[in-house]
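Shown here: my_file.pdb, PDB, C-alpha atoms and all ligand atoms.
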```
MODEL        1
ATOM      1  CA  MET U   1      -2.934 150.897  -3.678  1.00  0.00           C
ATOM      2  CA  ILE U   2      -1.169 148.170  -5.685  1.00  0.00           C
ATOM      3  CA  THR U   3       2.542 147.444  -5.321  1.00  0.00           C
ATOM      4  CA  ILE U   4       4.737 145.137  -7.382  1.00  0.00           C
ATOM      5  CA  ILE U   5       7.711 143.593  -5.607  1.00  0.00           C
ATOM      6  CA  SER U   6      10.628 142.450  -7.741  1.00  0.00           C
ATOM      7  CA  GLY U   7      11.734 139.519  -5.591  1.00  0.00           C
ATOM      8  CA  THR U   8      15.535 139.544  -5.825  1.00  0.00           C
ATOM      9  CA  ASN U   9      18.346 141.979  -5.114  1.00  0.00           C
ATOM     10  CA  ARG U  10      20.440 140.569  -7.994  1.00  0.00           C
ATOM     11  CA  LYS U  11      21.561 143.388 -10.299  1.00  0.00           C
ATOM     12  CA  ASN U  12      20.154 143.427 -13.860  1.00  0.00           C
ATOM     13  CA  SER U  13      17.667 140.760 -12.869  1.00  0.00           C
ATOM     14  CA  VAL U  14      15.075 139.208 -15.126  1.00  0.00           C
ATOM     15  CA  SER U  15      12.588 139.729 -12.283  1.00  0.00           C
ATOM     16  CA  LYS U  16      13.030 143.483 -12.650  1.00  0.00           C
ATOM     17  CA  LYS U  17      12.178 143.259 -16.358  1.00  0.00           C
ATOM     18  CA  ILE U  18       9.078 141.182 -15.623  1.00  0.00           C
ATOM     19  CA  ALA U  19       8.053 143.673 -12.912  1.00  0.00           C
ATOM     20  CA  HIS U  20       8.253 146.480 -15.510  1.00  0.00           C
ATOM     21  CA  ILE U  21       6.178 144.494 -17.987  1.00  0.00           C
ATOM     22  CA  TYR U  22       3.628 143.775 -15.250  1.00  0.00           C
ATOM     23  CA  GLN U  23       3.454 147.470 -14.358  1.00  0.00           C
ATOM     24  CA  SER U  24       2.750 148.389 -17.979  1.00  0.00           C
ATOM     25  CA  ILE U  25       0.016 145.731 -18.274  1.00  0.00           C
ATOM     26  CA  LEU U  26      -1.634 147.230 -15.178  1.00  0.00           C
ATOM     27  CA  GLN U  27      -1.224 150.710 -16.608  1.00  0.00           C
ATOM     28  CA  ASP U  28      -2.877 149.654 -19.901  1.00  0.00           C
ATOM     29  CA  LYS U  29      -5.840 148.557 -17.805  1.00  0.00           C
ATOM     30  CA  GLY U  30      -5.977 151.937 -16.049  1.00  0.00           C
ATOM     31  CA  GLN U  31      -4.363 150.788 -12.797  1.00  0.00           C
ATOM     32  CA  LYS U  32      -1.348 152.596 -11.359  1.00  0.00           C
ATOM     33  CA  ALA U  33       1.196 150.541  -9.431  1.00  0.00           C
ATOM     34  CA  GLU U  34       4.375 151.262  -7.514  1.00  0.00           C
ATOM     35  CA  VAL U  35       7.349 148.917  -7.878  1.00  0.00           C
ATOM     36  CA  ILE U  36       9.712 147.890  -5.092  1.00  0.00           C
ATOM     37  CA  TYR U  37      13.046 146.549  -6.295  1.00  0.00           C
ATOM     38  CA  LEU U  38      14.757 144.542  -3.583  1.00  0.00           C
ATOM     39  CA  GLU U  39      18.100 145.640  -5.052  1.00  0.00           C
ATOM     40  CA  ASP U  40      17.228 149.135  -3.739  1.00  0.00           C
ATOM     41  CA  LEU U  41      17.102 147.923  -0.135  1.00  0.00           C
ATOM     42  CA  PRO U  42      19.886 149.253   2.100  1.00  0.00           C
ATOM     43  CA  ALA U  43      22.668 146.667   1.831  1.00  0.00           C
ATOM     44  CA  ASP U  44      22.889 146.263   5.618  1.00  0.00           C
ATOM     45  CA  PHE U  45      19.137 145.941   6.277  1.00  0.00           C
ATOM     46  CA  VAL U  46      19.457 142.412   7.664  1.00  0.00           C
ATOM     47  CA  THR U  47      21.590 143.722  10.535  1.00  0.00           C
ATOM     48  CA  THR U  48      20.036 147.199  10.944  1.00  0.00           C
ATOM     49  CA  ALA U  49      16.296 146.891  10.216  1.00  0.00           C
ATOM     50  CA  LEU U  50      15.087 143.600  11.690  1.00  0.00           C
ATOM     51  CA  TYR U  51      14.064 142.345  15.145  1.00  0.00           C
ATOM     52  CA  GLU U  52      15.288 144.767  17.871  1.00  0.00           C
ATOM     53  CA  ASN U  53      16.133 147.301  15.135  1.00  0.00           C
ATOM     54  CA  SER U  54      12.702 147.141  13.568  1.00  0.00           C
ATOM     55  CA  GLY U  55      11.544 150.636  12.513  1.00  0.00           C
ATOM     56  CA  LYS U  56      14.977 152.128  13.198  1.00  0.00           C
ATOM     57  CA  ASN U  57      16.493 152.122   9.708  1.00  0.00           C
ATOM     58  CA  GLU U  58      15.393 155.306   7.940  1.00  0.00           C
ATOM     59  CA  LEU U  59      16.308 153.920   4.541  1.00  0.00           C
ATOM     60  CA  PHE U  60      14.305 150.746   5.120  1.00  0.00           C
ATOM     61  CA  ASN U  61      11.248 152.415   6.705  1.00  0.00           C
ATOM     62  CA  PRO U  62       9.840 153.779   3.410  1.00  0.00           C
ATOM     63  CA  PHE U  63       9.630 150.174   2.141  1.00  0.00           C
ATOM     64  CA  ARG U  64       7.715 149.148   5.294  1.00  0.00           C
ATOM     65  CA  GLU U  65       5.406 152.116   4.833  1.00  0.00           C
ATOM     66  CA  LEU U  66       4.752 151.278   1.167  1.00  0.00           C
ATOM     67  CA  ILE U  67       3.829 147.684   2.040  1.00  0.00           C
ATOM     68  CA  MET U  68       1.608 148.914   4.892  1.00  0.00           C
ATOM     69  CA  GLN U  69      -0.255 151.180   2.434  1.00  0.00           C
ATOM     70  CA  SER U  70      -0.688 148.440  -0.190  1.00  0.00           C
ATOM     71  CA  GLN U  71      -3.957 146.550  -0.330  1.00  0.00           C
ATOM     72  CA  LYS U  72      -2.841 144.338  -3.216  1.00  0.00           C
ATOM     73  CA  MET U  73       0.677 143.155  -3.985  1.00  0.00           C
ATOM     74  CA  ILE U  74       2.249 141.321  -6.883  1.00  0.00           C
ATOM     75  CA  PHE U  75       5.402 139.346  -6.123  1.00  0.00           C
ATOM     76  CA  VAL U  76       7.694 138.508  -9.042  1.00  0.00           C
ATOM     77  CA  VAL U  77       9.618 135.503  -7.772  1.00  0.00           C
ATOM     78  CA  PRO U  78      12.697 133.905  -9.353  1.00  0.00           C
ATOM     79  CA  GLU U  79      13.527 130.306  -8.504  1.00  0.00           C
ATOM     80  CA  TYR U  80      16.722 130.091  -6.430  1.00  0.00           C
ATOM     81  CA  ASN U  81      17.774 126.627  -5.259  1.00  0.00           C
ATOM     82  CA  GLY U  82      14.294 125.226  -5.634  1.00  0.00           C
ATOM     83  CA  SER U  83      12.611 128.028  -3.677  1.00  0.00           C
ATOM     84  CA  PHE U  84      12.399 131.821  -3.589  1.00  0.00           C
ATOM     85  CA  PRO U  85      15.376 134.117  -2.843  1.00  0.00           C
ATOM     86  CA  GLY U  86      16.440 134.419   0.795  1.00  0.00           C
ATOM     87  CA  VAL U  87      16.486 138.205   0.536  1.00  0.00           C
ATOM     88  CA  LEU U  88      12.738 138.098  -0.095  1.00  0.00           C
ATOM     89  CA  LYS U  89      12.167 136.179   3.155  1.00  0.00           C
ATOM     90  CA  ALA U  90      14.360 138.678   5.034  1.00  0.00           C
ATOM     91  CA  PHE U  91      12.311 141.496   3.481  1.00  0.00           C
ATOM     92  CA  ILE U  92       9.074 139.815   4.620  1.00  0.00           C
ATOM     93  CA  ASP U  93      10.552 139.308   8.103  1.00  0.00           C
ATOM     94  CA  GLY U  94      11.286 143.051   8.217  1.00  0.00           C
ATOM     95  CA  MET U  95       7.646 144.050   7.694  1.00  0.00           C
ATOM     96  CA  GLN U  96       5.250 144.921  10.514  1.00  0.00           C
ATOM     97  CA  TYR U  97       3.566 141.812  11.902  1.00  0.00           C
ATOM     98  CA  PRO U  98       0.671 141.202  11.562  1.00  0.00           C
ATOM     99  CA  HIS U  99      -0.709 144.275   9.797  1.00  0.00           C
ATOM    100  CA  ALA U 100       1.618 144.409   6.801  1.00  0.00           C
ATOM    101  CA  PHE U 101      -0.077 141.414   5.181  1.00  0.00           C
ATOM    102  CA  ARG U 102      -3.187 140.446   7.151  1.00  0.00           C
ATOM    103  CA  ASP U 103      -6.465 140.534   5.173  1.00  0.00           C
ATOM    104  CA  LYS U 104      -4.660 141.797   2.083  1.00  0.00           C
ATOM    105  CA  LYS U 105      -4.412 140.195  -1.351  1.00  0.00           C
ATOM    106  CA  ALA U 106      -1.443 138.975  -3.347  1.00  0.00           C
ATOM    107  CA  ALA U 107      -0.713 137.670  -6.816  1.00  0.00           C
ATOM    108  CA  LEU U 108       2.444 135.639  -7.444  1.00  0.00           C
ATOM    109  CA  VAL U 109       4.451 135.238 -10.645  1.00  0.00           C
ATOM    110  CA  GLY U 110       7.266 132.671 -10.821  1.00  0.00           C
ATOM    111  CA  LEU U 111      10.189 132.475 -13.223  1.00  0.00           C
ATOM    112  CA  SER U 112      13.116 130.146 -13.692  1.00  0.00           C
ATOM    113  CA  SER U 113      15.781 129.003 -16.106  1.00  0.00           C
ATOM    114  CA  GLY U 114      14.656 125.414 -15.576  1.00  0.00           C
ATOM    115  CA  VAL U 115      11.323 123.722 -16.174  1.00  0.00           C
ATOM    116  CA  GLN U 116       9.562 124.445 -12.874  1.00  0.00           C
ATOM    117  CA  GLY U 117       8.884 128.155 -13.334  1.00  0.00           C
ATOM    118  CA  ALA U 118       9.411 128.507  -9.581  1.00  0.00           C
ATOM    119  CA  GLY U 119       6.306 126.409  -8.917  1.00  0.00           C
ATOM    120  CA  LEU U 120       7.628 125.163  -5.584  1.00  0.00           C
ATOM    121  CA  ALA U 121       8.852 128.642  -4.669  1.00  0.00           C
ATOM    122  CA  LEU U 122       5.329 129.959  -5.204  1.00  0.00           C
ATOM    123  CA  SER U 123       3.919 127.193  -3.008  1.00  0.00           C
ATOM    124  CA  HIS U 124       6.406 128.003  -0.252  1.00  0.00           C
ATOM    125  CA  LEU U 125       5.510 131.671  -0.483  1.00  0.00           C
ATOM    126  CA  THR U 126       1.777 130.926  -0.537  1.00  0.00           C
ATOM    127  CA  ASP U 127       2.139 129.039   2.774  1.00  0.00           C
ATOM    128  CA  ILE U 128       3.960 131.985   4.325  1.00  0.00           C
ATOM    129  CA  PHE U 129       1.457 134.577   3.151  1.00  0.00           C
ATOM    130  CA  ASN U 130      -1.490 132.428   4.209  1.00  0.00           C
ATOM    131  CA  TYR U 131       0.157 132.108   7.632  1.00  0.00           C
ATOM    132  CA  CYS U 132       0.347 135.919   7.722  1.00  0.00           C
ATOM    133  CA  GLY U 133      -3.356 136.139   6.852  1.00  0.00           C
ATOM    134  CA  MET U 134      -2.935 137.266   3.250  1.00  0.00           C
ATOM    135  CA  HIS U 135      -5.117 135.822   0.489  1.00  0.00           C
ATOM    136  CA  VAL U 136      -3.213 134.567  -2.549  1.00  0.00           C
ATOM    137  CA  LEU U 137      -4.793 134.502  -5.999  1.00  0.00           C
ATOM    138  CA  ALA U 138      -5.083 130.909  -7.208  1.00  0.00           C
ATOM    139  CA  GLN U 139      -3.789 131.706 -10.668  1.00  0.00           C
ATOM    140  CA  LYS U 140       0.000 131.765 -10.420  1.00  0.00           C
ATOM    141  CA  PRO U 141       1.827 131.937 -13.756  1.00  0.00           C
ATOM    142  CA  LYS U 142       4.999 129.876 -13.797  1.00  0.00           C
ATOM    143  CA  LEU U 143       7.348 131.277 -16.389  1.00  0.00           C
ATOM    144  CA  ALA U 144       9.668 128.311 -16.987  1.00  0.00           C
ATOM    145  CA  ARG U 145      12.653 128.470 -19.361  1.00  0.00           C
ATOM    146  CA  ILE U 146      12.493 132.222 -19.072  1.00  0.00           C
ATOM    147  CA  GLU U 147      15.574 132.870 -21.245  1.00  0.00           C
ATOM    148  CA  ASP U 148      13.805 131.246 -24.211  1.00  0.00           C
ATOM    149  CA  ASN U 149      10.709 133.356 -23.640  1.00  0.00           C
ATOM    150  CA  LEU U 150      12.112 136.834 -23.094  1.00  0.00           C
ATOM    151  CA  SER U 151      13.917 138.770 -25.801  1.00  0.00           C
ATOM    152  CA  GLU U 152      15.030 142.332 -25.191  1.00  0.00           C
ATOM    153  CA  ASN U 153      12.295 143.427 -22.814  1.00  0.00           C
ATOM    154  CA  LYS U 154       9.475 141.521 -24.457  1.00  0.00           C
ATOM    155  CA  LEU U 155       7.862 138.312 -23.241  1.00  0.00           C
ATOM    156  CA  SER U 156       6.645 135.575 -25.575  1.00  0.00           C
ATOM    157  CA  LYS U 157       3.009 135.916 -26.604  1.00  0.00           C
ATOM    158  CA  LEU U 158       1.967 133.013 -24.373  1.00  0.00           C
ATOM    159  CA  TYR U 159       3.712 134.327 -21.258  1.00  0.00           C
ATOM    160  CA  HIS U 160       2.448 137.861 -21.859  1.00  0.00           C
ATOM    161  CA  SER U 161      -1.111 136.546 -22.135  1.00  0.00           C
ATOM    162  CA  LEU U 162      -0.699 134.574 -18.872  1.00  0.00           C
ATOM    163  CA  LEU U 163       0.229 137.814 -17.091  1.00  0.00           C
ATOM    164  CA  GLU U 164      -2.694 139.664 -18.703  1.00  0.00           C
ATOM    165  CA  GLU U 165      -5.093 136.956 -17.532  1.00  0.00           C
ATOM    166  CA  GLN U 166      -3.698 137.173 -14.008  1.00  0.00           C
ATOM    167  CA  VAL U 167      -4.067 140.961 -13.985  1.00  0.00           C
ATOM    168  CA  GLU U 168      -7.736 140.676 -15.027  1.00  0.00           C
ATOM    169  CA  LYS U 169      -8.319 138.278 -12.115  1.00  0.00           C
ATOM    170  CA  LEU U 170      -6.325 140.364  -9.626  1.00  0.00           C
ATOM    171  CA  LEU U 171      -8.284 143.530 -10.409  1.00  0.00           C
ATOM    172  CA  ILE U 172     -11.565 141.852  -9.381  1.00  0.00           C
ATOM    173  CA  PHE U 173      -9.973 139.756  -6.564  1.00  0.00           C
TER
HETATM  174  C1  LIG T   1      21.251 131.736  -6.530  1.00  0.00           C
HETATM  175  C2  LIG T   1      20.522 131.198  -7.733  1.00  0.00           C
HETATM  176  C3  LIG T   1      19.884 129.981  -7.655  1.00  0.00           C
HETATM  177  C4  LIG T   1      19.187 129.461  -8.748  1.00  0.00           C
HETATM  178  N1  LIG T   1      18.521 128.297  -8.614  1.00  0.00           N
HETATM  179  C5  LIG T   1      17.748 127.861  -9.636  1.00  0.00           C
HETATM  180  C6  LIG T   1      16.941 126.708  -9.490  1.00  0.00           C
HETATM  181  O1  LIG T   1      16.882 126.098  -8.437  1.00  0.00           O
HETATM  182  N2  LIG T   1      16.191 126.312 -10.537  1.00  0.00           N
HETATM  183  C7  LIG T   1      16.188 126.989 -11.734  1.00  0.00           C
HETATM  184  O2  LIG T   1      15.492 126.596 -12.649  1.00  0.00           O
HETATM  185  N3  LIG T   1      16.938 128.103 -11.902  1.00  0.00           N
HETATM  186  C8  LIG T   1      17.691 128.557 -10.876  1.00  0.00           C
HETATM  187  N4  LIG T   1      18.427 129.699 -11.027  1.00  0.00           N
HETATM  188  C9  LIG T   1      18.294 130.446 -12.268  1.00  0.00           C
HETATM  189  C10 LIG T   1      17.213 131.530 -12.124  1.00  0.00           C
HETATM  190  O3  LIG T   1      15.947 131.001 -11.843  1.00  0.00           O
HETATM  191  C11 LIG T   1      17.123 132.326 -13.397  1.00  0.00           C
HETATM  192  O4  LIG T   1      18.401 132.797 -13.730  1.00  0.00           O
HETATM  193  C12 LIG T   1      16.220 133.498 -13.240  1.00  0.00           C
HETATM  194  O5  LIG T   1      16.121 134.141 -14.471  1.00  0.00           O
HETATM  195  C13 LIG T   1      16.837 134.428 -12.259  1.00  0.00           C
HETATM  196  O6  LIG T   1      16.002 135.473 -12.061  1.00  0.00           O
HETATM  197  P1  LIG T   1      16.675 136.877 -11.737  1.00  0.00           P
HETATM  198  O7  LIG T   1      17.360 137.318 -13.035  1.00  0.00           O
HETATM  199  O8  LIG T   1      15.479 137.725 -11.444  1.00  0.00           O
HETATM  200  O9  LIG T   1      17.626 136.723 -10.630  1.00  0.00           O
HETATM  201  C14 LIG T   1      19.139 130.194  -9.961  1.00  0.00           C
HETATM  202  C15 LIG T   1      19.799 131.446 -10.038  1.00  0.00           C
HETATM  203  C16 LIG T   1      20.470 131.953  -8.946  1.00  0.00           C
HETATM  204  C17 LIG T   1      21.112 133.312  -9.043  1.00  0.00           C
ENDMDL
END
```
Render the structure in this file as structure tokens.
Amino acid sequence: MITIISGTNRKNSVSKKIAHIYQSILQDKGQKAEVIYLEDLPADFVTTALYENSGKNELFNPFRELIMQSQKMIFVVPEYNGSFPGVLKAFIDGMQYPHAFRDKKAALVGLSSGVQGAGLALSHLTDIFNYCGMHVLAQKPKLARIEDNLSENKLSKLYHSLLEEQVEKLLIF
């Protein structure tokens, strides 16, 4: 099972749009994928679903279950203060260790308003997932200057082709 994670809980996020586009690229290639939007997480999950409360939040548990069932994951990651959003780290910290990620495979997509395309954020996240035993696909599109490359819900031709190339690689990864 493949799951796409839209990596911010910001409402009306660009990440959500990219996650949709990614899902339709997968669908065009005959691959179904679920999408997790971090904005759908219970607002209090940091205080009710982590550490000593792990497994106790019934609204958070379905997200843990979905990640447990996923063999491949795609993380759509916006650049926040030179890294990835804190809510994404809290989400990762709320998953079952070590089986949520160990021996699984991930693909990362970065996006930013600035010129980095979340390159550093993707490196930070790669370190974390490697620590957890998850293999990360080497090809990591960095969608810099995203506002100039996304109109309505359509990516520029170049950025769309970068995602298509990554999907091809992920399917045989
Ligand atoms: C809290 C926060 C921090 C940000 N930090 C950066 C940054 O360090 N570099 C950058 O290029 N853009 C930064 N941005 C802009 C986002 O990368 C850009 O708006 C992106 O489209 C946001 O994705 P989202 O719509 O999925 O939240 C930041 C945005 C937010 C909300």
Please build the interface table for chain U against ligand LIG 1 (chain T) with a cut-off of 6 Å, listing for each qualifying residue the nearest atom pair and the distance in Å to one decimal; count only C-alpha atoms and all ligand atoms, order rows by chain and increasing number, and write it as a tab-separated table.
```
residue	atom	partner	partner_atom	distance
U:Thr8	CA	T:LIG1	O8	5.9
U:Arg10	CA	T:LIG1	O9	5.4
U:Ser13	CA	T:LIG1	O7	3.5
U:Val14	CA	T:LIG1	O7	3.6
U:Ser15	CA	T:LIG1	O8	3.6
U:Pro78	CA	T:LIG1	O6	4.6
U:Glu79	CA	T:LIG1	O3	4.2
U:Tyr80	CA	T:LIG1	N1	3.4
U:Asn81	CA	T:LIG1	O1	3.3
U:Gly82	CA	T:LIG1	O1	3.9
U:Ser112	CA	T:LIG1	O3	3.5
U:Ser113	CA	T:LIG1	O2	4.2
U:Gly114	CA	T:LIG1	O2	3.3
```
Hey, can you spit out that residue selection with C-alpha atoms as a PDB file, keeping the file's coordinate frame?
```
ATOM      1  CA  THR U   8      15.535 139.544  -5.825  1.00  0.00           C
ATOM      2  CA  ARG U  10      20.440 140.569  -7.994  1.00  0.00           C
ATOM      3  CA  SER U  13      17.667 140.760 -12.869  1.00  0.00           C
ATOM      4  CA  VAL U  14      15.075 139.208 -15.126  1.00  0.00           C
ATOM      5  CA  SER U  15      12.588 139.729 -12.283  1.00  0.00           C
ATOM      6  CA  PRO U  78      12.697 133.905  -9.353  1.00  0.00           C
ATOM      7  CA  GLU U  79      13.527 130.306  -8.504  1.00  0.00           C
ATOM      8  CA  TYR U  80      16.722 130.091  -6.430  1.00  0.00           C
ATOM      9  CA  ASN U  81      17.774 126.627  -5.259  1.00  0.00           C
ATOM     10  CA  GLY U  82      14.294 125.226  -5.634  1.00  0.00           C
ATOM     11  CA  SER U 112      13.116 130.146 -13.692  1.00  0.00           C
ATOM     12  CA  SER U 113      15.781 129.003 -16.106  1.00  0.00           C
ATOM     13  CA  GLY U 114      14.656 125.414 -15.576  1.00  0.00           C
TER      14      GLY U 114
END
```
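Across the structure, CA of Ala100 (chain U) and CA of Lys11 (chain U) are spaced 26.3 Å apart.
Against the coordinates shown, the PyMOL selection byres (((chain U and resi 55-67) around 9) and not hetatm) returns Thr3, Glu34, Ile36, Leu41, Pro42, Phe45, Thr48, Ala49, Leu50, Glu52, Asn53, Ser54, Met68, Gln69, Ser70, Gln71, Met73, Gly94, Met95, Gln96, Ala100 and Phe101 of chain U.
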Run through the PyMOL selection byres (((chain U and resi 103) around 12) and not hetatm) on the given coordinates and return the selected residues as JSON, numbers by chain. {"U": [68, 70, 71, 72, 73, 98, 99, 100, 101, 102, 104, 105, 106, 129, 130, 131, 132, 133, 134, 135, 136]}
Contacts of His20 (chain U) at 9 Å or less, counting only C-alpha atoms, minus same-chain residues fewer than 5 places along, as a PDB file with C-alpha atoms, keeping the file's coordinate frame?
```
ATOM      1  CA  ILE U   4       4.737 145.137  -7.382  1.00  0.00           C
ATOM      2  CA  SER U  15      12.588 139.729 -12.283  1.00  0.00           C
ATOM      3  CA  ILE U  25       0.016 145.731 -18.274  1.00  0.00           C
ATOM      4  CA  VAL U  35       7.349 148.917  -7.878  1.00  0.00           C
ATOM      5  CA  ASN U 153      12.295 143.427 -22.814  1.00  0.00           C
TER       6      ASN U 153
END
```
Taking the file as shown, what set of residues would the PyMOL selection byres (((chain U and resi 118) around 9) and not hetatm) give back, as a PyMOL selection string? chain U and resi 77-80+82-84+109-112+114-117+119-123+142-144
Surrounding residues of Gly30 (chain U) excluding itself and chain neighbours under 5 positions, 12 Å, all atoms listed in the file, as an mmCIF file with C-alpha atoms, in the coordinates of the input:
```cif
data_model
loop_
_atom_site.group_PDB
_atom_site.id
_atom_site.type_symbol
_atom_site.label_atom_id
_atom_site.label_comp_id
_atom_site.auth_asym_id
_atom_site.auth_seq_id
_atom_site.Cartn_x
_atom_site.Cartn_y
_atom_site.Cartn_z
ATOM 1 C CA GLN U 23 3.454 147.470 -14.358
ATOM 2 C CA SER U 24 2.750 148.389 -17.979
ATOM 3 C CA ILE U 25 0.016 145.731 -18.274
ATOM 4 C CA VAL U 167 -4.067 140.961 -13.985
ATOM 5 C CA GLU U 168 -7.736 140.676 -15.027
ATOM 6 C CA LEU U 171 -8.284 143.530 -10.409
#
```
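Nearest to Ile92 (chain U) of all the residues U:Phe173, U:Val46, U:Ala19, U:Leu137 is U:Val46, counting all atoms listed in the file.
Separating CA of Leu108 (chain U) from CA of Val76 (chain U) is a distance of 6.2 Å.
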Kindly give the distance, in Å, that separates CA of Ala43 (chain U) and CA of Leu88 (chain U), rounded to a single decimal. 13.3 Å
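Nearest residue to Leu26 (chain U), choosing from U:Leu150, U:Pro141, U:Glu164, U:Asn12 and counting only C-alpha atoms: U:Glu164.
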Rebuild N, CA and C atoms on region 83-100 of chain U, as an mmCIF file, in the coordinates of the input?
```cif
data_model
loop_
_atom_site.group_PDB
_atom_site.id
_atom_site.type_symbol
_atom_site.label_atom_id
_atom_site.label_comp_id
_atom_site.auth_asym_id
_atom_site.auth_seq_id
_atom_site.Cartn_x
_atom_site.Cartn_y
_atom_site.Cartn_z
ATOM 1 N N SER U 83 13.568 127.234 -4.454
ATOM 2 C CA SER U 83 12.611 128.028 -3.677
ATOM 3 C C SER U 83 12.718 129.484 -4.113
ATOM 4 N N PHE U 84 12.297 130.401 -3.233
ATOM 5 C CA PHE U 84 12.399 131.821 -3.589
ATOM 6 C C PHE U 84 13.660 132.397 -2.928
ATOM 7 N N PRO U 85 14.129 133.564 -3.379
ATOM 8 C CA PRO U 85 15.376 134.117 -2.843
ATOM 9 C C PRO U 85 15.299 134.432 -1.347
ATOM 10 N N GLY U 86 16.380 134.149 -0.637
ATOM 11 C CA GLY U 86 16.440 134.419 0.795
ATOM 12 C C GLY U 86 16.208 135.883 1.123
ATOM 13 N N VAL U 87 16.654 136.773 0.244
ATOM 14 C CA VAL U 87 16.486 138.205 0.536
ATOM 15 C C VAL U 87 14.999 138.568 0.601
ATOM 16 N N LEU U 88 14.179 137.825 -0.135
ATOM 17 C CA LEU U 88 12.738 138.098 -0.095
ATOM 18 C C LEU U 88 12.161 137.701 1.265
ATOM 19 N N LYS U 89 12.645 136.589 1.827
ATOM 20 C CA LYS U 89 12.167 136.179 3.155
ATOM 21 C C LYS U 89 12.625 137.193 4.212
ATOM 22 N N ALA U 90 13.865 137.671 4.079
ATOM 23 C CA ALA U 90 14.360 138.678 5.034
ATOM 24 C C ALA U 90 13.525 139.956 4.922
ATOM 25 N N PHE U 91 13.160 140.319 3.688
ATOM 26 C CA PHE U 91 12.311 141.496 3.481
ATOM 27 C C PHE U 91 10.953 141.295 4.179
ATOM 28 N N ILE U 92 10.364 140.113 3.980
ATOM 29 C CA ILE U 92 9.074 139.815 4.620
ATOM 30 C C ILE U 92 9.218 139.870 6.142
ATOM 31 N N ASP U 93 10.315 139.314 6.647
ATOM 32 C CA ASP U 93 10.552 139.308 8.103
ATOM 33 C C ASP U 93 10.727 140.724 8.662
ATOM 34 N N GLY U 94 11.080 141.667 7.783
ATOM 35 C CA GLY U 94 11.286 143.051 8.217
ATOM 36 C C GLY U 94 10.013 143.885 8.208
ATOM 37 N N MET U 95 8.908 143.306 7.739
ATOM 38 C CA MET U 95 7.646 144.050 7.694
ATOM 39 C C MET U 95 6.943 143.991 9.048
ATOM 40 N N GLN U 96 5.977 144.908 9.249
ATOM 41 C CA GLN U 96 5.250 144.921 10.514
ATOM 42 C C GLN U 96 4.306 143.722 10.601
ATOM 43 N N TYR U 97 4.432 142.975 11.691
ATOM 44 C CA TYR U 97 3.566 141.812 11.902
ATOM 45 C C TYR U 97 2.501 142.197 12.922
ATOM 46 N N PRO U 98 1.216 141.941 12.705
ATOM 47 C CA PRO U 98 0.671 141.202 11.562
ATOM 48 C C PRO U 98 0.082 142.095 10.479
ATOM 49 N N HIS U 99 0.137 143.439 10.655
ATOM 50 C CA HIS U 99 -0.709 144.275 9.797
ATOM 51 C C HIS U 99 -0.181 144.484 8.384
ATOM 52 N N ALA U 100 1.084 144.194 8.148
ATOM 53 C CA ALA U 100 1.618 144.409 6.801
ATOM 54 C C ALA U 100 0.880 143.559 5.771
#
```
